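Chemist: Before anything else, here's the structure in question.
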Amino acid sequence: MIMTRLAHRIVAGLFWATLAIPIVSSGPSHAQGRIAGVAFADAAWNVSGYRAPDSLAFRFRRVQFTFDNDLDSLFAIRFQLEVDESDVTSKGRSAAYLKQAWLRRSGLGMVGDLYLGLQPTPLAALAEGVWGYRSLEKTILDLNGLGAVTDMGVALQRLPTPAHSLGWHLMVMNGSGLKPENNNSKKVALSVPMRKNAWVIEGMMDFEGEPGPRDKWTAKLFAGWQKGANAFGLESFRRVNAAAGIAGVDVVPLGVSSFMRMALRDRWHAVGRVDWFDPDRKAEGAGYRELFFIAALDYMPHASVHVMPNVLVRRYARKSSADPERDTDVTVRLTLHYAYR
């Protein structure tokens, strides 16, 4: 209840603070709307494994269509539709759904920009930008389902710049991702990035008060370096799902992810990543820890086209000899990533 009241006060404060700033508009905008599209397609062979039974398939992992428009010098909008292989209609076909729909109000000075609607959360936006290969895989928190990268809410965001190296992204949201809200609790997240030349460091925390004792909170630290096509990063997190385990004990997922990408020669790049993940750090005598590897080559015949042979490997380490061994997941893919802007 305390967290719910705090979230309501934050929302009200953001709203009234925005109204207190005079609106000076440049009048109707004559700029044309911008349409963009992106697709991730695979020829994927699941060679073996616990999660990935032997199979061979062609598939679209993601197709997005985005419409952006600057209404004037202060207001901008975005609408985005996505088709994801994990969402299907009653007839088993890929289903389209609304991924983003927000209004941005800029011109608030040092406060940043105000966002209202269905929008990216602080969970993975910065780390995903430095990683640069969402076409290969999600970042570690998103991959393991430990938060939504898009949610309905209100946010203040200020990006770090050369003149002001410290930024922030404060958001109050439903906490249900793309699904409708189903309770009275709200999720509050704060990301504080600092950028200096090619380096960026980010601390992020979120909290969601659930009915009863089952609150959830996440703490994350990310550090990265990016210069042109070359980058590397390190991301670590700790999550607490209060009273979510057997007999009401906490469940504590923990993980670390490191990645690197570099230019090899004209139109060729190399990509590598290693994740370590423990679904419950407190369960020392049960379950499995995971090591996840990605290795890829990226060939760019065009600035908007990527052809990427890649291999995904997930190894399982059992915490107890009483648990059965799990086969290593091995997937070989040829990934095509193309975009229209």
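As shown in the structure tokens, the chain order sets the letters A, B, ...; within each chain, residues go from 1, and ligands are also counted from 1 in the order they appear.
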Pick out the residues sitting within 9 Å of Phe65 in chain A, and hand them over as a VMD selection string; count only C-alpha atoms, and ignore anything fewer than 2 positions along from it in its own chain.

Modeler: chain A and resid 35 to 38 63 67 79 to 83

Chemist: Select from range 12-245 of chain A everything DSSP, run on the backbone, classes as strand (DSSP E), then give the selection as a ChimeraX atom specification.

Modeler: /A:34-48,55-70,75-88,94-105,113-120,150-158,168-173,187-196,199-208,216-227,230-241

Chemist: If we count only C-alpha atoms, what is near range 314-331 of chain A at a cut-off of 6 Å, once residues fewer than 2 positions away on the same chain are taken out, given as a PDB file with all heavy atoms, in the first residue's frame?

Modeler:
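Result went into part39.pdb, see below:
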ATOM      1  N   TRP A  45      18.639 -24.393 -37.175  1.00  0.00           N
ATOM      2  CA  TRP A  45      18.728 -25.837 -36.938  1.00  0.00           C
ATOM      3  C   TRP A  45      19.055 -26.053 -35.462  1.00  0.00           C
ATOM      4  O   TRP A  45      20.140 -25.728 -35.007  1.00  0.00           O
ATOM      5  CB  TRP A  45      19.816 -26.462 -37.821  1.00  0.00           C
ATOM      6  CG  TRP A  45      20.016 -27.941 -37.573  1.00  0.00           C
ATOM      7  CD1 TRP A  45      19.097 -28.832 -37.116  1.00  0.00           C
ATOM      8  CD2 TRP A  45      21.224 -28.685 -37.790  1.00  0.00           C
ATOM      9  NE1 TRP A  45      19.633 -30.095 -37.021  1.00  0.00           N
ATOM     10  CE2 TRP A  45      20.952 -30.031 -37.434  1.00  0.00           C
ATOM     11  CE3 TRP A  45      22.495 -28.352 -38.259  1.00  0.00           C
ATOM     12  CZ2 TRP A  45      21.909 -31.030 -37.520  1.00  0.00           C
ATOM     13  CZ3 TRP A  45      23.452 -29.348 -38.346  1.00  0.00           C
ATOM     14  CH2 TRP A  45      23.159 -30.674 -37.990  1.00  0.00           C
ATOM     15  N   ASN A  46      18.073 -26.568 -34.737  1.00  0.00           N
ATOM     16  CA  ASN A  46      18.298 -26.963 -33.352  1.00  0.00           C
ATOM     17  C   ASN A  46      18.951 -28.340 -33.360  1.00  0.00           C
ATOM     18  O   ASN A  46      18.293 -29.357 -33.569  1.00  0.00           O
ATOM     19  CB  ASN A  46      16.980 -26.999 -32.578  1.00  0.00           C
ATOM     20  CG  ASN A  46      16.378 -25.621 -32.409  1.00  0.00           C
ATOM     21  OD1 ASN A  46      17.086 -24.634 -32.284  1.00  0.00           O
ATOM     22  ND2 ASN A  46      15.062 -25.541 -32.432  1.00  0.00           N
ATOM     23  N   VAL A  47      20.240 -28.363 -33.154  1.00  0.00           N
ATOM     24  CA  VAL A  47      21.005 -29.603 -33.290  1.00  0.00           C
ATOM     25  C   VAL A  47      20.659 -30.583 -32.184  1.00  0.00           C
ATOM     26  O   VAL A  47      20.432 -31.781 -32.427  1.00  0.00           O
ATOM     27  CB  VAL A  47      22.516 -29.300 -33.282  1.00  0.00           C
ATOM     28  CG1 VAL A  47      23.335 -30.580 -33.411  1.00  0.00           C
ATOM     29  CG2 VAL A  47      22.864 -28.321 -34.399  1.00  0.00           C
ATOM     30  N   SER A  48      20.630 -30.100 -30.934  1.00  0.00           N
ATOM     31  CA  SER A  48      20.350 -30.973 -29.799  1.00  0.00           C
ATOM     32  C   SER A  48      20.078 -30.108 -28.585  1.00  0.00           C
ATOM     33  O   SER A  48      20.274 -28.898 -28.608  1.00  0.00           O
ATOM     34  CB  SER A  48      21.544 -31.900 -29.516  1.00  0.00           C
ATOM     35  OG  SER A  48      22.684 -31.127 -29.153  1.00  0.00           O
ATOM     36  N   GLY A  49      19.631 -30.761 -27.507  1.00  0.00           N
ATOM     37  CA  GLY A  49      19.542 -30.033 -26.257  1.00  0.00           C
ATOM     38  C   GLY A  49      18.303 -30.300 -25.441  1.00  0.00           C
ATOM     39  O   GLY A  49      17.366 -30.974 -25.865  1.00  0.00           O
ATOM     40  N   TYR A  50      18.305 -29.733 -24.219  1.00  0.00           N
ATOM     41  CA  TYR A  50      17.190 -29.868 -23.284  1.00  0.00           C
ATOM     42  C   TYR A  50      16.005 -29.007 -23.713  1.00  0.00           C
ATOM     43  O   TYR A  50      14.879 -29.467 -23.750  1.00  0.00           O
ATOM     44  CB  TYR A  50      17.665 -29.472 -21.884  1.00  0.00           C
ATOM     45  CG  TYR A  50      16.556 -29.324 -20.879  1.00  0.00           C
ATOM     46  CD1 TYR A  50      15.950 -30.445 -20.328  1.00  0.00           C
ATOM     47  CD2 TYR A  50      16.115 -28.054 -20.479  1.00  0.00           C
ATOM     48  CE1 TYR A  50      14.924 -30.310 -19.394  1.00  0.00           C
ATOM     49  CE2 TYR A  50      15.103 -27.915 -19.546  1.00  0.00           C
ATOM     50  CZ  TYR A  50      14.513 -29.042 -19.012  1.00  0.00           C
ATOM     51  OH  TYR A  50      13.507 -28.903 -18.090  1.00  0.00           O
ATOM     52  N   ALA A  52      15.885 -27.320 -26.709  1.00  0.00           N
ATOM     53  CA  ALA A  52      15.778 -27.214 -28.169  1.00  0.00           C
ATOM     54  C   ALA A  52      15.829 -28.596 -28.807  1.00  0.00           C
ATOM     55  O   ALA A  52      16.895 -29.070 -29.172  1.00  0.00           O
ATOM     56  CB  ALA A  52      16.900 -26.344 -28.704  1.00  0.00           C
ATOM     57  N   GLY A 285      20.715 -26.245  -3.333  1.00  0.00           N
ATOM     58  CA  GLY A 285      20.668 -27.697  -3.494  1.00  0.00           C
ATOM     59  C   GLY A 285      19.678 -28.178  -4.521  1.00  0.00           C
ATOM     60  O   GLY A 285      19.352 -29.371  -4.565  1.00  0.00           O
ATOM     61  N   ALA A 286      19.189 -27.286  -5.374  1.00  0.00           N
ATOM     62  CA  ALA A 286      18.208 -27.689  -6.389  1.00  0.00           C
ATOM     63  C   ALA A 286      18.278 -26.734  -7.568  1.00  0.00           C
ATOM     64  O   ALA A 286      18.627 -25.558  -7.425  1.00  0.00           O
ATOM     65  CB  ALA A 286      16.798 -27.696  -5.795  1.00  0.00           C
ATOM     66  N   GLY A 287      17.965 -27.267  -8.740  1.00  0.00           N
ATOM     67  CA  GLY A 287      17.932 -26.443  -9.933  1.00  0.00           C
ATOM     68  C   GLY A 287      19.237 -26.489 -10.712  1.00  0.00           C
ATOM     69  O   GLY A 287      20.136 -27.290 -10.435  1.00  0.00           O
ATOM     70  N   TYR A 288      19.348 -25.578 -11.683  1.00  0.00           N
ATOM     71  CA  TYR A 288      20.475 -25.577 -12.615  1.00  0.00           C
ATOM     72  C   TYR A 288      20.957 -24.156 -12.848  1.00  0.00           C
ATOM     73  O   TYR A 288      20.160 -23.230 -13.009  1.00  0.00           O
ATOM     74  CB  TYR A 288      20.062 -26.186 -13.961  1.00  0.00           C
ATOM     75  CG  TYR A 288      19.569 -27.605 -13.871  1.00  0.00           C
ATOM     76  CD1 TYR A 288      18.258 -27.882 -13.480  1.00  0.00           C
ATOM     77  CD2 TYR A 288      20.407 -28.668 -14.185  1.00  0.00           C
ATOM     78  CE1 TYR A 288      17.798 -29.185 -13.403  1.00  0.00           C
ATOM     79  CE2 TYR A 288      19.956 -29.981 -14.115  1.00  0.00           C
ATOM     80  CZ  TYR A 288      18.655 -30.231 -13.713  1.00  0.00           C
ATOM     81  OH  TYR A 288      18.205 -31.532 -13.639  1.00  0.00           O
ATOM     82  N   ARG A 289      22.245 -23.987 -12.896  1.00  0.00           N
ATOM     83  CA  ARG A 289      22.844 -22.751 -13.371  1.00  0.00           C
ATOM     84  C   ARG A 289      23.116 -22.898 -14.865  1.00  0.00           C
ATOM     85  O   ARG A 289      23.294 -24.004 -15.358  1.00  0.00           O
ATOM     86  CB  ARG A 289      24.136 -22.438 -12.619  1.00  0.00           C
ATOM     87  CG  ARG A 289      23.937 -22.219 -11.122  1.00  0.00           C
ATOM     88  CD  ARG A 289      25.238 -21.816 -10.450  1.00  0.00           C
ATOM     89  NE  ARG A 289      25.045 -21.597  -9.014  1.00  0.00           N
ATOM     90  CZ  ARG A 289      25.260 -22.520  -8.089  1.00  0.00           C
ATOM     91  NH1 ARG A 289      25.692 -23.729  -8.444  1.00  0.00           N
ATOM     92  NH2 ARG A 289      25.050 -22.245  -6.815  1.00  0.00           N
ATOM     93  N   GLU A 290      23.160 -21.752 -15.572  1.00  0.00           N
ATOM     94  CA  GLU A 290      23.266 -21.808 -17.028  1.00  0.00           C
ATOM     95  C   GLU A 290      24.413 -20.938 -17.529  1.00  0.00           C
ATOM     96  O   GLU A 290      24.647 -19.845 -17.003  1.00  0.00           O
ATOM     97  CB  GLU A 290      21.954 -21.333 -17.670  1.00  0.00           C
ATOM     98  CG  GLU A 290      20.739 -22.142 -17.251  1.00  0.00           C
ATOM     99  CD  GLU A 290      19.443 -21.584 -17.827  1.00  0.00           C
ATOM    100  OE1 GLU A 290      19.530 -20.651 -18.667  1.00  0.00           O
ATOM    101  OE2 GLU A 290      18.365 -22.063 -17.440  1.00  0.00           O
ATOM    102  N   LEU A 291      25.111 -21.428 -18.548  1.00  0.00           N
ATOM    103  CA  LEU A 291      26.077 -20.654 -19.316  1.00  0.00           C
ATOM    104  C   LEU A 291      25.569 -20.578 -20.748  1.00  0.00           C
ATOM    105  O   LEU A 291      25.292 -21.616 -21.369  1.00  0.00           O
ATOM    106  CB  LEU A 291      27.462 -21.297 -19.290  1.00  0.00           C
ATOM    107  CG  LEU A 291      28.420 -20.876 -18.176  1.00  0.00           C
ATOM    108  CD1 LEU A 291      29.712 -21.685 -18.282  1.00  0.00           C
ATOM    109  CD2 LEU A 291      28.732 -19.387 -18.224  1.00  0.00           C
ATOM    110  N   PHE A 292      25.434 -19.361 -21.258  1.00  0.00           N
ATOM    111  CA  PHE A 292      24.863 -19.152 -22.586  1.00  0.00           C
ATOM    112  C   PHE A 292      25.898 -18.433 -23.444  1.00  0.00           C
ATOM    113  O   PHE A 292      26.436 -17.388 -23.052  1.00  0.00           O
ATOM    114  CB  PHE A 292      23.586 -18.313 -22.457  1.00  0.00           C
ATOM    115  CG  PHE A 292      22.917 -17.991 -23.758  1.00  0.00           C
ATOM    116  CD1 PHE A 292      22.528 -18.988 -24.629  1.00  0.00           C
ATOM    117  CD2 PHE A 292      22.664 -16.667 -24.109  1.00  0.00           C
ATOM    118  CE1 PHE A 292      21.902 -18.686 -25.837  1.00  0.00           C
ATOM    119  CE2 PHE A 292      22.035 -16.350 -25.298  1.00  0.00           C
ATOM    120  CZ  PHE A 292      21.652 -17.367 -26.160  1.00  0.00           C
ATOM    121  N   VAL A 311      25.974 -19.195 -33.913  1.00  0.00           N
ATOM    122  CA  VAL A 311      25.791 -20.394 -33.108  1.00  0.00           C
ATOM    123  C   VAL A 311      25.400 -19.979 -31.696  1.00  0.00           C
ATOM    124  O   VAL A 311      26.024 -19.078 -31.111  1.00  0.00           O
ATOM    125  CB  VAL A 311      27.066 -21.254 -33.058  1.00  0.00           C
ATOM    126  CG1 VAL A 311      26.855 -22.481 -32.176  1.00  0.00           C
ATOM    127  CG2 VAL A 311      27.500 -21.674 -34.449  1.00  0.00           C
ATOM    128  N   LEU A 312      24.366 -20.630 -31.145  1.00  0.00           N
ATOM    129  CA  LEU A 312      23.926 -20.412 -29.770  1.00  0.00           C
ATOM    130  C   LEU A 312      24.138 -21.705 -28.983  1.00  0.00           C
ATOM    131  O   LEU A 312      23.716 -22.783 -29.431  1.00  0.00           O
ATOM    132  CB  LEU A 312      22.448 -20.029 -29.711  1.00  0.00           C
ATOM    133  CG  LEU A 312      21.956 -18.913 -30.648  1.00  0.00           C
ATOM    134  CD1 LEU A 312      20.472 -18.686 -30.446  1.00  0.00           C
ATOM    135  CD2 LEU A 312      22.726 -17.635 -30.417  1.00  0.00           C
TER     136      LEU A 312
END

Chemist: Pick from A:Asn310, A:Gln64, A:Asn174, A:Ser73: nearest to Glu85 in chain A, with only C-alpha atoms counted?

Modeler: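 When distances to Glu85 in chain A are compared using only C-alpha atoms, the smallest one comes from A:Gln64.
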
Chemist: Kindly assemble as a tab-separated table a list of the range 239-334 of chain A residues that lie within 12 Å of range 186-207 of chain A, each paired with its nearest atom pair and their distance in Å to one decimal, using only C-alpha atoms, sorted first by chain and then by ascending residue number.

Modeler:
residue	atom	partner	partner_atom	distance
A:Arg239	CA	A:Asp206	CA	9.5
A:Val240	CA	A:Phe207	CA	9.7
A:Asn241	CA	A:Phe207	CA	10.3
A:Ala242	CA	A:Phe207	CA	11.2

Chemist: Next, write the just-selected residues to a file, as a PDB file, in the first residue's frame, keeping N, CA, C and O atoms as the atom set.

Modeler:
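File again.pdb, as written:
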ATOM      1  N   ARG A 239      17.925  -9.934  -8.701  1.00  0.00           N
ATOM      2  CA  ARG A 239      16.477  -9.765  -8.622  1.00  0.00           C
ATOM      3  C   ARG A 239      15.976 -10.480  -7.359  1.00  0.00           C
ATOM      4  O   ARG A 239      16.493 -11.548  -7.017  1.00  0.00           O
ATOM      5  N   VAL A 240      14.990  -9.912  -6.696  1.00  0.00           N
ATOM      6  CA  VAL A 240      14.364 -10.553  -5.538  1.00  0.00           C
ATOM      7  C   VAL A 240      12.862 -10.641  -5.795  1.00  0.00           C
ATOM      8  O   VAL A 240      12.203  -9.610  -5.984  1.00  0.00           O
ATOM      9  N   ASN A 241      12.346 -11.864  -5.820  1.00  0.00           N
ATOM     10  CA  ASN A 241      10.911 -12.108  -5.854  1.00  0.00           C
ATOM     11  C   ASN A 241      10.512 -12.561  -4.451  1.00  0.00           C
ATOM     12  O   ASN A 241      10.679 -13.725  -4.082  1.00  0.00           O
ATOM     13  N   ALA A 242      10.014 -11.627  -3.652  1.00  0.00           N
ATOM     14  CA  ALA A 242       9.772 -11.904  -2.245  1.00  0.00           C
ATOM     15  C   ALA A 242       8.685 -12.958  -2.061  1.00  0.00           C
ATOM     16  O   ALA A 242       7.637 -12.917  -2.718  1.00  0.00           O
TER      17      ALA A 242
END

Chemist: Within 12 Å of Leu264 in chain A, counting only C-alpha atoms, which residues qualify if same-chain residues fewer than 3 places away don't, as a list of chain:residue names?

Modeler: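 Near neighbours after the sequence-gap exclusion: A:Ala229, A:Asn230, A:Arg261, A:Arg267, A:Trp268, A:His269, A:Ala270, A:Val271, A:Leu297, A:Asp298, A:Tyr299, A:Met300.
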
Chemist: Just N, CA, C and O atoms for this one: save the residues we selected as an mmCIF file, in the first residue's frame.

Modeler:
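And here's selection_15.cif as it stands now:
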data_model
loop_
_atom_site.group_PDB
_atom_site.id
_atom_site.type_symbol
_atom_site.label_atom_id
_atom_site.label_comp_id
_atom_site.auth_asym_id
_atom_site.auth_seq_id
_atom_site.Cartn_x
_atom_site.Cartn_y
_atom_site.Cartn_z
ATOM 1 N N ALA A 229 31.899 0.861 -34.942
ATOM 2 C CA ALA A 229 31.371 -0.507 -34.970
ATOM 3 C C ALA A 229 31.912 -1.371 -33.844
ATOM 4 O O ALA A 229 31.476 -2.513 -33.682
ATOM 5 N N ASN A 230 32.852 -0.861 -33.067
ATOM 6 C CA ASN A 230 33.470 -1.636 -31.999
ATOM 7 C C ASN A 230 32.843 -1.291 -30.648
ATOM 8 O O ASN A 230 32.604 -0.116 -30.345
ATOM 9 N N ARG A 261 31.802 -6.723 -29.746
ATOM 10 C CA ARG A 261 31.631 -6.724 -31.198
ATOM 11 C C ARG A 261 32.729 -5.856 -31.801
ATOM 12 O O ARG A 261 33.132 -4.847 -31.207
ATOM 13 N N ARG A 267 32.820 -4.359 -44.329
ATOM 14 C CA ARG A 267 31.541 -5.078 -44.374
ATOM 15 C C ARG A 267 31.491 -6.332 -43.500
ATOM 16 O O ARG A 267 30.466 -7.017 -43.470
ATOM 17 N N TRP A 268 32.536 -6.662 -42.786
ATOM 18 C CA TRP A 268 32.536 -7.849 -41.934
ATOM 19 C C TRP A 268 32.769 -7.449 -40.477
ATOM 20 O O TRP A 268 33.627 -6.620 -40.171
ATOM 21 N N HIS A 269 31.983 -8.065 -39.577
ATOM 22 C CA HIS A 269 32.119 -7.832 -38.147
ATOM 23 C C HIS A 269 32.042 -9.177 -37.417
ATOM 24 O O HIS A 269 31.441 -10.133 -37.916
ATOM 25 N N ALA A 270 32.620 -9.211 -36.224
ATOM 26 C CA ALA A 270 32.563 -10.390 -35.364
ATOM 27 C C ALA A 270 31.823 -10.022 -34.078
ATOM 28 O O ALA A 270 31.962 -8.907 -33.564
ATOM 29 N N VAL A 271 31.045 -10.978 -33.567
ATOM 30 C CA VAL A 271 30.224 -10.748 -32.381
ATOM 31 C C VAL A 271 30.374 -11.936 -31.436
ATOM 32 O O VAL A 271 30.337 -13.095 -31.871
ATOM 33 N N LEU A 297 29.270 -14.096 -37.079
ATOM 34 C CA LEU A 297 29.882 -13.201 -38.053
ATOM 35 C C LEU A 297 28.767 -12.390 -38.694
ATOM 36 O O LEU A 297 27.664 -12.905 -38.930
ATOM 37 N N ASP A 298 29.050 -11.130 -38.952
ATOM 38 C CA ASP A 298 28.057 -10.235 -39.533
ATOM 39 C C ASP A 298 28.613 -9.669 -40.842
ATOM 40 O O ASP A 298 29.598 -8.922 -40.836
ATOM 41 N N TYR A 299 27.955 -10.045 -41.948
ATOM 42 C CA TYR A 299 28.332 -9.519 -43.266
ATOM 43 C C TYR A 299 27.270 -8.523 -43.696
ATOM 44 O O TYR A 299 26.069 -8.823 -43.679
ATOM 45 N N MET A 300 27.696 -7.313 -44.088
ATOM 46 C CA MET A 300 26.773 -6.241 -44.460
ATOM 47 C C MET A 300 26.935 -5.897 -45.943
ATOM 48 O O MET A 300 27.742 -5.024 -46.305
#

Chemist: When distances are computed from only C-alpha atoms, which of A:Ile140, A:Asp87, A:Lys227, A:Leu71 shows the smallest separation from Trp276 in chain A?

Modeler: A:Ile140

Chemist: Of the candidates A:Ala44, A:Ala76, A:Val154, A:Leu178, which one gets nearest to Gly107 in chain A if we count only C-alpha atoms?

Modeler: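 Ranking A:Ala44, A:Ala76, A:Val154, A:Leu178 by distance to Gly107 in chain A, first place goes to A:Ala76.
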
Chemist: Between CA of Leu108 in chain A and CA of Arg158 in chain A, what is the distance, to one decimal in Å?

Modeler: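 One can read the CA of Leu108 in chain A to CA of Arg158 in chain A distance as 10.0 Å.
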
Chemist: Neighbouring residues of Asp113 in chain A were defined as those with any atom within 8 Å, considering only C-alpha atoms; residues of the same chain fewer than 6 positions away were excluded. Please report them as a PyMOL selection string.

Modeler: chain A and resi 104-107+156-158

Chemist: Enter the distance from CA of Thr66 in chain A to CA of Pro309 in chain A, in Å, rounded to one decimal.

Modeler: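 Those two atoms sit 27.0 Å apart.
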
Chemist: So which residues of range 16-251 of chain A fall under helix (DSSP H, G or I) by DSSP, listed as a VMD selection string?

Modeler: chain A and resid 16 to 20 109 to 111 125 to 131 140 to 143 246 to 248

Chemist: Got a sec: who's within 7 Å of Leu254 in chain A, counting only C-alpha atoms, leaving out chain neighbours fewer than 3 positions off, as a count of residues only?

Modeler: 8

Chemist: Nearest residue to Gln100 in chain A out of A:Glu128, A:Asp151, A:Glu137, A:Asp84, using only C-alpha atoms?

Modeler: A:Asp151

Chemist: For Tyr115 in chain A, which residue out of A:Leu166, A:Arg333, A:Val172, A:Arg273 is the nearest one, using only C-alpha atoms?

Modeler: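 With only C-alpha atoms as the atom set, the closest residue is A:Val172.
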
Chemist: Counting only C-alpha atoms, which residue out of A:Ala303, A:Val251, A:Leu159, A:Met260 sits closest to His337 in chain A?

Modeler: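 The shortest atom-to-atom distance to His337 in chain A comes from A:Ala303.
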